[in-house]
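Source file upload27.cif; content: mmCIF, C-alpha atoms.
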data_target
loop_
_atom_site.label_atom_id
_atom_site.label_comp_id
_atom_site.auth_asym_id
_atom_site.auth_seq_id
_atom_site.Cartn_x
_atom_site.Cartn_y
_atom_site.Cartn_z
CA GLY A 824 193.26 176.10 2.84
CA ALA A 825 190.19 176.71 0.79
CA VAL A 826 188.18 173.71 -0.30
CA VAL A 827 186.28 173.05 -3.48
CA SER A 828 183.95 170.10 -3.45
CA GLN A 829 182.84 168.38 -6.63
CA HIS A 830 180.02 165.86 -6.79
CA PRO A 831 179.60 163.14 -7.86
CA SER A 832 183.08 161.66 -8.07
CA ARG A 833 181.91 158.97 -10.44
CA VAL A 834 178.80 158.59 -12.55
CA ILE A 835 177.67 156.09 -15.14
CA CYS A 836 174.76 157.03 -17.33
CA LYS A 837 172.98 155.70 -20.35
CA SER A 838 173.46 157.26 -23.74
CA GLY A 839 170.89 159.97 -24.36
CA THR A 840 170.40 160.94 -20.74
CA SER A 841 171.65 164.06 -18.98
CA VAL A 842 174.08 164.27 -16.09
CA LYS A 843 174.60 167.13 -13.66
CA ILE A 844 177.91 167.76 -11.92
CA GLU A 845 178.13 170.15 -9.00
CA CYS A 846 181.06 172.28 -7.93
CA ARG A 847 180.92 174.02 -4.57
CA SER A 848 183.32 176.39 -2.87
CA LEU A 849 182.93 175.42 0.76
CA ASP A 850 184.53 178.27 2.67
CA PHE A 851 184.81 181.13 0.24
CA GLN A 852 182.77 182.88 -2.39
CA ALA A 853 183.66 182.38 -6.01
CA THR A 854 182.23 184.75 -8.59
CA THR A 855 184.08 182.75 -11.22
CA MET A 856 184.57 179.03 -11.61
CA PHE A 857 186.24 177.10 -14.37
CA TRP A 858 185.29 173.78 -15.93
CA TYR A 859 187.97 171.57 -17.43
CA ARG A 860 187.84 168.32 -19.29
CA GLN A 861 190.64 165.80 -19.17
CA PHE A 862 190.97 162.91 -21.59
CA PRO A 863 192.93 159.84 -20.50
CA LYS A 864 196.61 160.57 -20.08
CA GLN A 865 196.17 164.10 -21.40
CA SER A 866 196.18 167.57 -20.02
CA LEU A 867 193.29 169.65 -18.81
CA MET A 868 191.43 171.56 -21.46
CA LEU A 869 189.42 174.56 -20.37
CA MET A 870 185.81 174.14 -21.44
CA ALA A 871 184.16 177.22 -20.03
CA THR A 872 184.25 179.96 -17.48
CA SER A 873 181.27 180.09 -15.18
CA ASN A 874 180.24 183.54 -14.00
CA GLU A 875 177.89 184.07 -11.09
CA GLY A 876 174.71 185.76 -12.20
CA SER A 877 175.54 185.83 -15.88
CA LYS A 878 176.09 183.58 -18.85
CA ALA A 879 179.07 181.30 -19.00
CA THR A 880 181.87 181.93 -21.44
CA TYR A 881 182.68 178.91 -23.56
CA GLU A 882 185.98 178.10 -25.19
CA GLN A 883 186.13 177.66 -28.92
CA GLY A 884 184.79 174.32 -30.04
CA VAL A 885 182.76 173.62 -26.91
CA GLU A 886 179.03 173.24 -27.54
CA LYS A 887 177.16 175.48 -25.14
CA ASP A 888 173.90 173.63 -25.71
CA LYS A 889 175.47 170.34 -24.84
CA PHE A 890 177.41 171.47 -21.80
CA LEU A 891 175.03 173.65 -19.84
CA ILE A 892 176.58 175.71 -17.09
CA ASN A 893 174.69 177.43 -14.32
CA HIS A 894 176.29 179.59 -11.63
CA ALA A 895 173.29 180.54 -9.56
CA SER A 896 175.07 181.41 -6.34
CA LEU A 897 178.48 182.54 -5.15
CA THR A 898 179.33 179.05 -3.96
CA LEU A 899 177.81 176.74 -6.56
CA SER A 900 178.32 176.10 -10.24
CA THR A 901 176.81 173.18 -12.12
CA LEU A 902 177.76 171.53 -15.39
CA THR A 903 175.05 169.51 -17.11
CA VAL A 904 176.04 167.19 -19.91
CA THR A 905 172.90 166.91 -22.00
CA SER A 906 172.01 163.99 -24.24
CA ALA A 907 175.23 162.29 -23.29
CA HIS A 908 177.05 160.07 -25.74
CA PRO A 909 179.94 157.68 -25.20
CA GLU A 910 182.36 160.25 -26.60
CA ASP A 911 181.44 162.52 -23.70
CA SER A 912 183.00 160.03 -21.33
CA SER A 913 185.83 161.84 -19.64
CA PHE A 914 187.15 163.28 -16.40
CA TYR A 915 185.64 166.67 -15.61
CA ILE A 916 187.30 169.00 -13.11
CA CYS A 917 186.17 172.33 -11.78
CA SER A 918 188.26 175.02 -10.16
CA ALA A 919 187.43 178.12 -8.22
CA PRO A 920 189.89 180.95 -7.68
CA GLU A 921 189.82 182.42 -4.23
CA ARG A 922 190.07 186.16 -4.52
CA ASN A 923 193.67 187.36 -4.37
CA THR A 924 195.13 183.94 -3.77
CA GLU A 925 194.99 180.95 -6.07
CA ALA A 926 192.69 178.56 -7.86
CA PHE A 927 191.49 175.51 -5.95
CA PHE A 928 190.40 172.39 -7.74
CA GLY A 929 187.62 169.95 -7.11
CA GLN A 930 188.26 166.24 -6.87
CA GLY A 931 187.00 165.64 -10.38
CA THR A 932 184.11 163.61 -11.80
CA ARG A 933 184.64 160.48 -13.87
CA LEU A 934 181.77 160.30 -16.35
CA THR A 935 181.15 157.08 -18.22
CA VAL A 936 178.40 157.00 -20.83
CA VAL A 937 177.27 153.53 -21.82
CA ALA B 198 198.72 184.24 -26.16
CA GLN B 199 200.23 181.98 -23.58
CA SER B 200 201.38 178.40 -23.86
CA VAL B 201 203.27 175.81 -21.88
CA THR B 202 205.51 173.00 -23.10
CA GLN B 203 206.49 170.15 -20.85
CA LEU B 204 209.40 168.16 -22.22
CA GLY B 205 209.00 164.48 -21.59
CA SER B 206 205.61 162.92 -21.13
CA HIS B 207 207.14 160.22 -18.93
CA VAL B 208 210.03 160.45 -16.52
CA SER B 209 211.32 157.52 -14.52
CA VAL B 210 213.72 157.80 -11.59
CA SER B 211 214.97 155.58 -8.82
CA GLU B 212 213.96 156.22 -5.25
CA GLY B 213 216.40 158.71 -3.76
CA ALA B 214 217.47 160.10 -7.13
CA LEU B 215 217.07 163.65 -8.34
CA VAL B 216 213.76 164.56 -9.93
CA LEU B 217 213.80 167.06 -12.81
CA LEU B 218 210.62 167.88 -14.69
CA ARG B 219 210.96 170.42 -17.46
CA CYS B 220 208.62 173.26 -18.30
CA ASN B 221 209.01 176.06 -20.82
CA TYR B 222 206.48 178.78 -21.29
CA SER B 223 205.50 181.43 -23.77
CA SER B 224 203.84 184.64 -22.66
CA SER B 225 203.52 188.15 -24.01
CA VAL B 226 203.21 189.54 -20.50
CA PRO B 227 205.09 188.76 -17.31
CA PRO B 228 203.76 185.32 -16.41
CA TYR B 229 202.57 183.70 -13.26
CA LEU B 230 203.68 180.06 -13.25
CA PHE B 231 202.41 177.08 -11.35
CA TRP B 232 203.18 173.42 -10.82
CA TYR B 233 200.36 171.07 -9.90
CA VAL B 234 200.36 167.39 -8.99
CA GLN B 235 197.54 165.00 -9.79
CA TYR B 236 197.08 161.54 -8.32
CA PRO B 237 194.88 159.02 -10.17
CA ASN B 238 191.22 159.99 -10.36
CA GLN B 239 191.76 163.07 -8.26
CA GLY B 240 191.83 166.80 -8.77
CA LEU B 241 194.92 168.95 -8.84
CA GLN B 242 196.98 170.02 -5.88
CA LEU B 243 199.18 173.08 -6.04
CA LEU B 244 202.86 172.32 -5.44
CA LEU B 245 204.24 175.80 -5.86
CA LYS B 246 203.81 179.04 -7.76
CA TYR B 247 205.97 181.83 -9.13
CA THR B 248 204.57 185.29 -8.59
CA SER B 249 207.66 187.43 -9.36
CA ALA B 250 208.67 187.77 -5.71
CA ALA B 251 211.62 185.37 -5.99
CA THR B 252 213.02 183.34 -8.86
CA LEU B 253 213.64 180.25 -6.74
CA VAL B 254 210.36 179.00 -5.38
CA LYS B 255 210.01 176.35 -2.71
CA GLY B 256 206.87 174.31 -2.52
CA ILE B 257 205.37 171.44 -0.64
CA ASN B 258 206.78 167.91 -0.36
CA GLY B 259 210.35 169.09 -0.92
CA PHE B 260 209.80 170.38 -4.44
CA GLU B 261 211.20 173.60 -5.78
CA ALA B 262 211.33 175.39 -9.12
CA GLU B 263 213.45 178.13 -10.58
CA PHE B 264 212.11 180.82 -12.89
CA LYS B 265 214.60 181.67 -15.62
CA LYS B 266 213.36 184.47 -17.81
CA SER B 267 216.23 184.24 -20.27
CA GLU B 268 215.39 180.58 -20.88
CA THR B 269 211.62 181.00 -20.48
CA SER B 270 211.77 178.01 -18.19
CA PHE B 271 210.28 176.95 -14.88
CA HIS B 272 211.69 173.48 -14.22
CA LEU B 273 210.57 171.50 -11.19
CA THR B 274 213.13 169.67 -9.08
CA LYS B 275 213.36 167.54 -5.96
CA PRO B 276 216.71 166.36 -4.60
CA SER B 277 215.56 162.91 -3.57
CA ALA B 278 212.59 161.09 -5.04
CA HIS B 279 210.18 159.19 -2.85
CA MET B 280 207.82 156.45 -3.93
CA SER B 281 204.90 158.66 -3.00
CA ASP B 282 206.01 161.23 -5.59
CA ALA B 283 204.77 158.99 -8.40
CA ALA B 284 201.99 160.99 -10.04
CA GLU B 285 201.16 163.26 -12.95
CA TYR B 286 202.66 166.75 -12.86
CA PHE B 287 201.32 169.75 -14.70
CA CYS B 288 202.97 173.07 -15.35
CA ALA B 289 200.60 175.98 -15.91
CA VAL B 290 200.80 179.64 -16.80
CA SER B 291 198.46 182.52 -16.11
CA GLU B 292 198.48 186.14 -17.15
CA SER B 293 197.30 187.26 -13.77
CA LEU B 294 197.45 185.85 -10.32
CA PHE B 295 194.27 187.55 -9.40
CA SER B 296 192.08 189.91 -11.29
CA GLY B 297 188.74 190.16 -9.62
CA GLY B 298 189.09 186.52 -8.78
CA TYR B 299 189.69 185.55 -12.40
CA ASN B 300 192.55 183.12 -12.76
CA LYS B 301 192.49 181.36 -16.11
CA LEU B 302 195.20 178.73 -16.29
CA ILE B 303 196.81 177.28 -19.41
CA PHE B 304 198.20 173.83 -18.74
CA GLY B 305 201.02 171.88 -20.27
CA ALA B 306 200.47 168.33 -21.46
CA GLY B 307 201.71 166.86 -18.22
CA THR B 308 204.58 164.60 -17.19
CA ARG B 309 204.01 161.26 -15.57
CA LEU B 310 206.64 160.57 -12.94
CA ALA B 311 207.42 156.98 -12.06
CA VAL B 312 209.61 156.18 -9.07
CA HIS B 313 211.28 152.79 -8.86
CA PRO B 314 212.65 151.15 -5.74
#

Show me, as structure tokens, the structure contained in the file I just sent.
Amino acid sequence: GAVVSQHPSRVICKSGTSVKIECRSLDFQATTMFWYRQFPKQSLMLMATSNEGSKATYEQGVEKDKFLINHASLTLSTLTVTSAHPEDSSFYICSAPERNTEAFFGQGTRLTVV
Amino acid sequence: AQSVTQLGSHVSVSEGALVLLRCNYSSSVPPYLFWYVQYPNQGLQLLLKYTSAATLVKGINGFEAEFKKSETSFHLTKPSAHMSDAAEYFCAVSESLFSGGYNKLIFGAGTRLAVHP
């Protein structure tokens, strides 16, 4: 089946720095990708929809200036957490729907801000 | 608007026992329904999906789910639990299976399944 690769799987950063997370569709093109955030023992909350070649669509309550999304190609979307704070520590997951089939999920990124 | 309710945040069964994870949905349009499994620190893996072709859907690892419109339910079952089934399970709903590749999913809160020897 289709594969979505997310990198890195784990990252620890200092408060105030920025962290970039990559999401790649390895064997299909994805004009749309989704970014989710998952708090411990909770469900996935959609943060934003990444659209290739255009601006991302953010869900209500998500700061677009803090969570920068870039979808520069049909196989790559990036999420940059800017000026990270400890409360940004979470598990971030991307997904990419393969046209006419289903959404495939990345392995997730565990972000810890110290 | 769509929503998903998973009854029971934790379910515990003995190995070999029946697994039943409950999911009820709300949707103003005919829904597409999904069950995903998540192992610790990993992404989600699709178990099965309902796409209106058949109300009883069989998935991977021996799981199946039945779509009941009158009850707005899509419960997940497995006749005999295995230790390897211990994980977090998420029910999700979507308005469209595919629409130009767009497939926004609304997830339930999740149910953690524990399997005891």

- Message: Counting only C-alpha atoms, find residues at most 12 Å from (175.4, 184.3, -18.7) (file frame) and give them as number ranges by chain.
- Response: A: 855, 871-881, 887, 891-895

Once you have the residues from the selection above, write them out as a PDB file, in the frame of the given file, restricted to C-alpha atoms.
ATOM      1  CA  THR A 855     184.080 182.750 -11.220  1.00  0.00           C
ATOM      2  CA  ALA A 871     184.160 177.220 -20.030  1.00  0.00           C
ATOM      3  CA  THR A 872     184.250 179.960 -17.480  1.00  0.00           C
ATOM      4  CA  SER A 873     181.270 180.090 -15.180  1.00  0.00           C
ATOM      5  CA  ASN A 874     180.240 183.540 -14.000  1.00  0.00           C
ATOM      6  CA  GLU A 875     177.890 184.070 -11.090  1.00  0.00           C
ATOM      7  CA  GLY A 876     174.710 185.760 -12.200  1.00  0.00           C
ATOM      8  CA  SER A 877     175.540 185.830 -15.880  1.00  0.00           C
ATOM      9  CA  LYS A 878     176.090 183.580 -18.850  1.00  0.00           C
ATOM     10  CA  ALA A 879     179.070 181.300 -19.000  1.00  0.00           C
ATOM     11  CA  THR A 880     181.870 181.930 -21.440  1.00  0.00           C
ATOM     12  CA  TYR A 881     182.680 178.910 -23.560  1.00  0.00           C
ATOM     13  CA  LYS A 887     177.160 175.480 -25.140  1.00  0.00           C
ATOM     14  CA  LEU A 891     175.030 173.650 -19.840  1.00  0.00           C
ATOM     15  CA  ILE A 892     176.580 175.710 -17.090  1.00  0.00           C
ATOM     16  CA  ASN A 893     174.690 177.430 -14.320  1.00  0.00           C
ATOM     17  CA  HIS A 894     176.290 179.590 -11.630  1.00  0.00           C
ATOM     18  CA  ALA A 895     173.290 180.540  -9.560  1.00  0.00           C
TER      19      ALA A 895
END

Using all atoms listed in the file, what table do you get, as CSV, when you list each residue of chain A with an atom no more than 10 Å from chain B, its nearest pair of atoms, and their distance in Å rounded to one decimal, rows by chain then rising number?
residue,atom,partner,partner_atom,distance
A:Val827,CA,B:Gly240,CA,9.9
A:Gln829,CA,B:Gly240,CA,9.4
A:Ser832,CA,B:Asn238,CA,8.6
A:Arg833,CA,B:Asn238,CA,9.4
A:Gln852,CA,B:Gly298,CA,9.7
A:Ala853,CA,B:Gly298,CA,7.4
A:Thr854,CA,B:Gly298,CA,7.1
A:Thr855,CA,B:Tyr299,CA,6.4
A:Met856,CA,B:Tyr299,CA,8.3
A:Phe857,CA,B:Lys301,CA,7.8
A:Lys864,CA,B:Gly307,CA,8.3
A:Gln865,CA,B:Ala306,CA,6.0
A:Ser866,CA,B:Ala306,CA,4.6
A:Leu867,CA,B:Phe304,CA,6.4
A:Met868,CA,B:Phe304,CA,7.6
A:Leu869,CA,B:Ile303,CA,7.9
A:Thr872,CA,B:Lys301,CA,8.5
A:Asn874,CA,B:Tyr299,CA,9.8
A:Phe914,CA,B:Asn238,CA,8.0
A:Tyr915,CA,B:Gly240,CA,9.2
A:Ile916,CA,B:Gly240,CA,6.6
A:Cys917,CA,B:Gly240,CA,8.5
A:Ser918,CA,B:Gly240,CA,9.1
A:Ala919,CA,B:Asn300,CA,8.5
A:Pro920,CA,B:Gly298,CA,5.7
A:Glu921,CA,B:Gly298,CA,6.2
A:Arg922,CA,B:Gly298,CA,4.4
A:Asn923,CA,B:Phe295,CA,5.1
A:Thr924,CA,B:Phe295,CA,6.7
A:Glu925,CA,B:Leu294,CA,6.9
A:Ala926,CA,B:Asn300,CA,6.7
A:Phe927,CA,B:Gln242,CA,7.8
A:Phe928,CA,B:Leu241,CA,5.8
A:Gly929,CA,B:Gly240,CA,5.5
A:Gln930,CA,B:Gly240,CA,4.1
A:Gly931,CA,B:Gly240,CA,5.2
A:Thr932,CA,B:Asn238,CA,8.1
A:Arg933,CA,B:Asn238,CA,7.5

List the residues matched by the PyMOL selection byres ((chain B and resi 310-312) around 12) in the displayed structure as a CSV table (one decimal) with C-alpha atoms, in the frame of the given file, ordered by chain and then by residue number.
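The result, stored in out.csv:
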chain,number,residue,atom,x,y,z
B,205,GLY,CA,209.0,164.5,-21.6
B,206,SER,CA,205.6,162.9,-21.1
B,207,HIS,CA,207.1,160.2,-18.9
B,208,VAL,CA,210.0,160.4,-16.5
B,209,SER,CA,211.3,157.5,-14.5
B,210,VAL,CA,213.7,157.8,-11.6
B,211,SER,CA,215.0,155.6,-8.8
B,212,GLU,CA,214.0,156.2,-5.2
B,213,GLY,CA,216.4,158.7,-3.8
B,214,ALA,CA,217.5,160.1,-7.1
B,215,LEU,CA,217.1,163.6,-8.3
B,216,VAL,CA,213.8,164.6,-9.9
B,217,LEU,CA,213.8,167.1,-12.8
B,218,LEU,CA,210.6,167.9,-14.7
B,219,ARG,CA,211.0,170.4,-17.5
B,234,VAL,CA,200.4,167.4,-9.0
B,235,GLN,CA,197.5,165.0,-9.8
B,236,TYR,CA,197.1,161.5,-8.3
B,273,LEU,CA,210.6,171.5,-11.2
B,274,THR,CA,213.1,169.7,-9.1
B,275,LYS,CA,213.4,167.5,-6.0
B,277,SER,CA,215.6,162.9,-3.6
B,278,ALA,CA,212.6,161.1,-5.0
B,279,HIS,CA,210.2,159.2,-2.8
B,280,MET,CA,207.8,156.4,-3.9
B,281,SER,CA,204.9,158.7,-3.0
B,282,ASP,CA,206.0,161.2,-5.6
B,283,ALA,CA,204.8,159.0,-8.4
B,284,ALA,CA,202.0,161.0,-10.0
B,285,GLU,CA,201.2,163.3,-13.0
B,286,TYR,CA,202.7,166.8,-12.9
B,287,PHE,CA,201.3,169.8,-14.7
B,307,GLY,CA,201.7,166.9,-18.2
B,308,THR,CA,204.6,164.6,-17.2
B,309,ARG,CA,204.0,161.3,-15.6
B,313,HIS,CA,211.3,152.8,-8.9
B,314,PRO,CA,212.6,151.2,-5.7

- Task: For the structure provided, state which residues fall under the PyMOL selection byres ((chain A and resi 903) around 10), and present them as a VMD selection string.
- Result: chain A and resid 841 to 845 888 to 893 901 to 902 904 to 907

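Between CA of Gln861 in chain A and CA of Ala289 in chain B lies a distance of 14.6 Å.
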
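With all atoms listed in the file as the atoms that count, the residue of A:Pro863, A:Gly884, A:Leu899, A:Gly839 with the shortest distance to Phe851 in chain A is A:Leu899.
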
- Residues matched by the PyMOL selection byres ((chain B and resi 228) around 7) as JSON, numbers by chain: {"B": [224, 226, 227, 229, 230, 290, 291, 292]}

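One distance worth recording is that between CA of Leu245 in chain B and CA of Asn221 in chain B, which is 15.7 Å.
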
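Using only C-alpha atoms, the protein and nucleic acid residues lying no more than 10 Å from Glu910 in chain A, apart from those fewer than 4 places from it along its own chain, are Ser838, Thr935, Val936 and Val937 of chain A.
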
Output C-alpha atoms for every residue in the selection just made, as a short mmCIF file (atom, residue, chain, number, x, y, z; two decimals), keeping the file's coordinate frame.
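Everything below was put into selection.cif:
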data_model
loop_
_atom_site.label_atom_id
_atom_site.label_comp_id
_atom_site.auth_asym_id
_atom_site.auth_seq_id
_atom_site.Cartn_x
_atom_site.Cartn_y
_atom_site.Cartn_z
CA SER A 838 173.46 157.26 -23.74
CA THR A 935 181.15 157.08 -18.22
CA VAL A 936 178.40 157.00 -20.83
CA VAL A 937 177.27 153.53 -21.82
#

- Interatomic distance (Å, one decimal) between CA of Phe862 in chain A and CA of Thr269 in chain B: 27.5 Å

- Of B:Leu204, B:Thr252, B:Gln199, B:Pro237, the one sitting nearest Tyr222 in chain B when using all atoms listed in the file is B:Gln199
